[in-house]
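Participant: Can you keep this structure in mind? I'll have questions shortly.
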Amino acid sequence: MPSPPGDFKQVLIVAKFEGGFESWKSVLGNILILAVASAVIMTLLVFAPVRPDTPETFAASFLFPVFFLVPLAAAIFGAGSVTSEFETKTAHLTFSNPVKRTVLAAGKFLASLFYVCCAILIFYLGCSVATYYVFGSVPAGLAVSIVPSILYGCAVLALVFLFGFIFRNGVVAGALMFAVIFLCMPLLQLFLSDMGHAPWYLLTYAAGAINAFGGPSMPKPVTIFGGSQGAPDLAISTAVLAVYFAAVFVLSLFVLRRRDIA
Amino acid sequence: MTEDLTKKYGELLALDGLNLEIKKGSCVGLLGPNGAGKSTTIKLLCGLLRPTRGCAYINGFDSFRDTKNALRDVGCLVDVPSFYQNHTPAQVLEYLGKLRGLRPPELQKRAQECLELVKLTEWSDTRIKKFSFGMVQRLGIAQALLHDPSILILDEPALGLDPKGIHDVRDIIKELVGKGKTILFSSHMLYETQEVCESIALINRGKLLAYDTIENLERIFHIQMVEMETVRPLRPGEIEKIRELQHVKSVSADGNGGNLVRINFEGDRKECAKLHEELVSNLGLPIVSFRPSVGALEEVYLQLVKE
């Protein structure tokens with residue numbers, strides 16, 4: 001009788017299967033979709049009629065779509081990965097194996113995160129190329145901002161997992177995540193900012209660190225509602241994003257551990 | 001083993017304090033009508049449901065709180081299995097095999113053996129979305145056997161299979177019983193259950209009504225039934241004579257033309273042999289076959305469920 005591998009090994013096995021990493025065609029297909037989507041956005045930005053006049057402001061404005069691209073990638077790759085098990089009842093098959101539920105969730109998270117990170121890195125690569133093409137140099141702040149970008153991806157993905165495990169429906173999980181990221185938090189942020197308070201502890205405020213190297217006037221999702229972002233501190237915001245990711249992911253594991261697979 | 005295992009879905013009590021101990025190497029059939037709690041029991045044992053009260057243990061490990069240890073030597077088939085539709089049986093078995101600790105080339109060898117056992121070898125590289133219901137069920141059995149577990153928990157393994165498939169599954173289970181595996185399987189099919197199981201756990205409305213060997217249950221309920229086939233249909237006078245024999249409780253004739261006779265009598269195997277002798281020697285009936293009938297288990301089942 002074989003002994004099941006250790007938890008970490010099982011996480012990697014699940015991630016490999018979930019991400020379709022056995023087949024390079026499947027991985028390449030997913031990356032190609034992300035690359036095409038990013039290329040369209042980047043082309044529009046490079047050839048925009050009004051263009052910022054310094055490499056920092058140009059690169060920082062260029063990163064604005066990341067605020068939307070990351071949740072979109074998280075919804076596409078995360079929501080399906082979590083909820084399809086419940087919707088198609090494959091959970092009966094996978095969860096009745098000698099594997100901890102937390103291990104299954106971690107493996108799925110890792111696979112989804114791979115594609116979210118691919119989306120981020122493709123966009124950063126495009127941004128670097130475009131900035132170099134226009135100005136002949138790439139600002140150092142761009143490289144540093146990859147860290148909050150990826151942590152933002154982790155936090156948003158964790159939110160998708162949490163809603164996925166609670167509601168077991170991909171559409172609901174995605175819709176709720178978008179509502180939290182683009183409606184509830186920006187409105188709360190706007191309300192608190194109007195009261196003269198900088199809500200550094202809000203996920204969307206902390207995510208502002210992604211393009212904060214361009215200065216306080218850089219566009220953020222909250223500006224849709226007419227508010228101003230301010231200038232989030234990179235170190236504090238990075239820590240806040242990490243805490244959001246850890247807390248929400250642990251909460252989602254807690255929900256999954258108690259969940260009935262009926 | 002289950003201890004006071006209870007499961008409530010909201011206000012609905014699906015399983016009520018189930019205490020069940022299955023000995024190593026035995027084959028137990030979990031019987032009960034629809035909604036009796038069979039699938040809930042199976043899901044609780046496989047760690048899919050959180051018990052409202054009580055515990056389910058496999059090899060001494062709590063199947064919900066310590067799933068990894070509890071299920072390491074268990075093969076599960078829960079409900080009608082669902083597979084990843086865009087994958088092939090070979091891919092799914094490779095994934096599940098790795099999770100259970102099988103390594104190449106042993107993994108490929110076991111996957112081939114299991115697919116061969118359920119007659120899916122030629123479909124091993126076909127996407128599962130093209131499979132029929134019965135093929136999916138057979139793949140479910142294959143994945144349960146993949147790591148050669150010593151315990152098997154099977155939820156309606158013959159569901160959706162054609163007669164040949166049912167026969168094959170019965171043979172597979174018989175073979176596994178012969179190898180000393182411990183098997184718990186739920187079923188609606190009394191004949192299948194009687195053919196492969198030595199014990200029956202009968203549940204209804206979440207409660208365990210009886211758990212014993214089939215022989216004991218029949219004895220407890222004073223039910224022995226034989227099925228007899230005759231060359232020609234019996235005449236009413238002959239049926240009447242059978243009825244008058246000692247220990248015979250009832251006689252019914254059916255089958256095409258009435259040459260299939262069921263005799264319900266009181267007694268053990270000795271009485272059964274005596275009955276056979278009387279039917280042949282004293283009554284001179286042209287008997288083709290004479291064997292214990294599944295009707296006895298059916299009678300026990302109906303009596304318990306009615307109660």
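By order in the structure tokens, chains are A, B, ...; within a chain, residues start at 1; ligands start at 1, following the order shown.
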Taking only C-alpha atoms into account, find every residue of chain A that has an atom no more than 7 Å from chain B, and write it out as a ChimeraX atom specification.
Facilitator: /A:1-5,10,13,17,88-90,92-93,95-100,258,260-262
Participant: DSSP on the backbone, then: every residue of segment 7-47 of chain B marked helix (DSSP H, G or I), written as an MDAnalysis selection string.
Facilitator: chainID B and resid 38:45
Participant: Residues as selected, C-alpha atoms, written as a CSV table (one decimal), in the first residue's frame, can you do that?
Facilitator:
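Saved to part05.csv:
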chain,number,residue,atom,x,y,z
B,38,LYS,CA,-27.2,5.4,2.9
B,39,SER,CA,-25.4,8.0,0.8
B,40,THR,CA,-25.1,10.3,3.9
B,41,THR,CA,-23.4,7.4,5.7
B,42,ILE,CA,-21.0,6.8,2.8
B,43,LYS,CA,-20.2,10.6,2.5
B,44,LEU,CA,-19.6,10.8,6.3
B,45,LEU,CA,-17.2,7.8,6.1
Participant: Let me make sure I understand: among B:Thr182, B:Ser26, B:Ser132, B:Thr6, which one has the smallest atom-to-atom distance to Glu198 of chain B if we use only C-alpha atoms?
Facilitator: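 Once distances to Glu198 of chain B are computed over only C-alpha atoms, the minimum belongs to B:Ser26.
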Participant: For a quick check of understanding, using only C-alpha atoms, which of B:Cys27, B:Ile183, B:Ile287, B:Val196 has the smallest distance to Glu227 of chain B?
Facilitator: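 The closest residue to Glu227 of chain B is B:Ile287.
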Participant: Write out as a list in words each polymer residue whose atoms come within 8 Å of Gly29 of chain B, counting only C-alpha atoms; drop sequence neighbours fewer than 2 positions from it.
Facilitator: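 Here the qualifying residues turn out to be Cys27, Leu31, Leu184, Phe185, Ser186, Ser187, Thr193, Cys197, Ser199, Ile200 and Ala201 of chain B.
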Participant: Might you pull out every residue within 9 Å of Gly164 of chain A, with only C-alpha atoms counted and same-chain residues fewer than 5 positions away left off, and present them as a list in words?
Facilitator: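 The contact residues come out as Gly78, Ala79, Gly80, Val82, Thr83, Leu159, Asn169, Gly170, Val171, Val172, Ala173, Gly174 and Ser252 of chain A.
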Participant: Any chance you could list, as a VMD selection string, the residues in segment 159-221 of chain B that come up strand (DSSP E or B) when DSSP is run on the backbone?
Facilitator: chain B and resid 182 to 187 199 to 204 207 to 213
Participant: Output N, CA, C and O atoms for every residue in that selection, as a compact mmCIF listing (two decimals), in the first residue's frame.
Facilitator:
# COMPACT_ATOMS: atom_id res chain seq x y z
N THR B 182 -11.89 -5.38 2.82
CA THR B 182 -13.06 -5.00 3.62
C THR B 182 -13.92 -4.11 2.74
O THR B 182 -13.43 -3.11 2.20
N ILE B 183 -15.17 -4.48 2.59
CA ILE B 183 -16.02 -3.73 1.65
C ILE B 183 -17.33 -3.32 2.30
O ILE B 183 -17.99 -4.12 2.97
N LEU B 184 -17.66 -2.06 2.11
CA LEU B 184 -18.99 -1.59 2.50
C LEU B 184 -19.61 -1.02 1.24
O LEU B 184 -19.02 -0.13 0.62
N PHE B 185 -20.73 -1.54 0.85
CA PHE B 185 -21.36 -0.92 -0.31
C PHE B 185 -22.86 -0.79 -0.15
O PHE B 185 -23.52 -1.64 0.43
N SER B 186 -23.33 0.33 -0.63
CA SER B 186 -24.78 0.57 -0.53
C SER B 186 -25.42 0.13 -1.84
O SER B 186 -24.79 0.21 -2.90
N SER B 187 -26.63 -0.34 -1.72
CA SER B 187 -27.32 -0.79 -2.93
C SER B 187 -28.82 -0.86 -2.70
O SER B 187 -29.30 -0.92 -1.58
N SER B 199 -22.94 -9.90 5.32
CA SER B 199 -23.75 -9.18 6.32
C SER B 199 -24.51 -8.04 5.67
O SER B 199 -24.11 -7.53 4.62
N ILE B 200 -25.57 -7.68 6.36
CA ILE B 200 -26.42 -6.59 5.86
C ILE B 200 -26.63 -5.58 6.99
O ILE B 200 -26.92 -5.96 8.12
N ALA B 201 -26.46 -4.30 6.63
CA ALA B 201 -26.86 -3.25 7.57
C ALA B 201 -28.06 -2.57 6.93
O ALA B 201 -27.95 -2.02 5.83
N LEU B 202 -29.17 -2.68 7.60
CA LEU B 202 -30.40 -2.13 7.01
C LEU B 202 -30.77 -0.83 7.70
O LEU B 202 -30.95 -0.81 8.92
N ILE B 203 -30.82 0.25 6.94
CA ILE B 203 -31.19 1.52 7.57
C ILE B 203 -32.42 2.10 6.92
O ILE B 203 -32.70 1.88 5.73
N ASN B 204 -33.16 2.83 7.71
CA ASN B 204 -34.33 3.55 7.19
C ASN B 204 -34.54 4.79 8.05
O ASN B 204 -34.39 4.75 9.27
N LYS B 207 -31.99 5.60 10.69
CA LYS B 207 -31.74 4.71 11.82
C LYS B 207 -31.32 3.32 11.34
O LYS B 207 -31.84 2.83 10.34
N LEU B 208 -30.42 2.72 12.10
CA LEU B 208 -30.01 1.36 11.78
C LEU B 208 -31.08 0.40 12.32
O LEU B 208 -31.34 0.35 13.52
N LEU B 209 -31.69 -0.33 11.41
CA LEU B 209 -32.77 -1.24 11.83
C LEU B 209 -32.22 -2.62 12.17
O LEU B 209 -32.72 -3.28 13.08
N ALA B 210 -31.24 -3.06 11.43
CA ALA B 210 -30.68 -4.38 11.69
C ALA B 210 -29.28 -4.44 11.10
O ALA B 210 -29.00 -3.79 10.10
N TYR B 211 -28.42 -5.20 11.76
CA TYR B 211 -27.07 -5.40 11.24
C TYR B 211 -26.62 -6.79 11.65
O TYR B 211 -26.33 -7.04 12.83
N ASP B 212 -26.62 -7.68 10.70
CA ASP B 212 -26.26 -9.06 11.02
C ASP B 212 -25.95 -9.80 9.71
O ASP B 212 -26.10 -9.23 8.63
N THR B 213 -25.60 -11.06 9.86
CA THR B 213 -25.38 -11.85 8.64
C THR B 213 -26.75 -12.14 8.03
O THR B 213 -27.77 -12.15 8.74
Participant: So how far away is atom CA of Ala246 of chain A from atom CA of Ala75 of chain A, in Å?
Facilitator: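 Straight-line distance from atom CA of Ala75 of chain A to atom CA of Ala246 of chain A works out to 18.5 Å.
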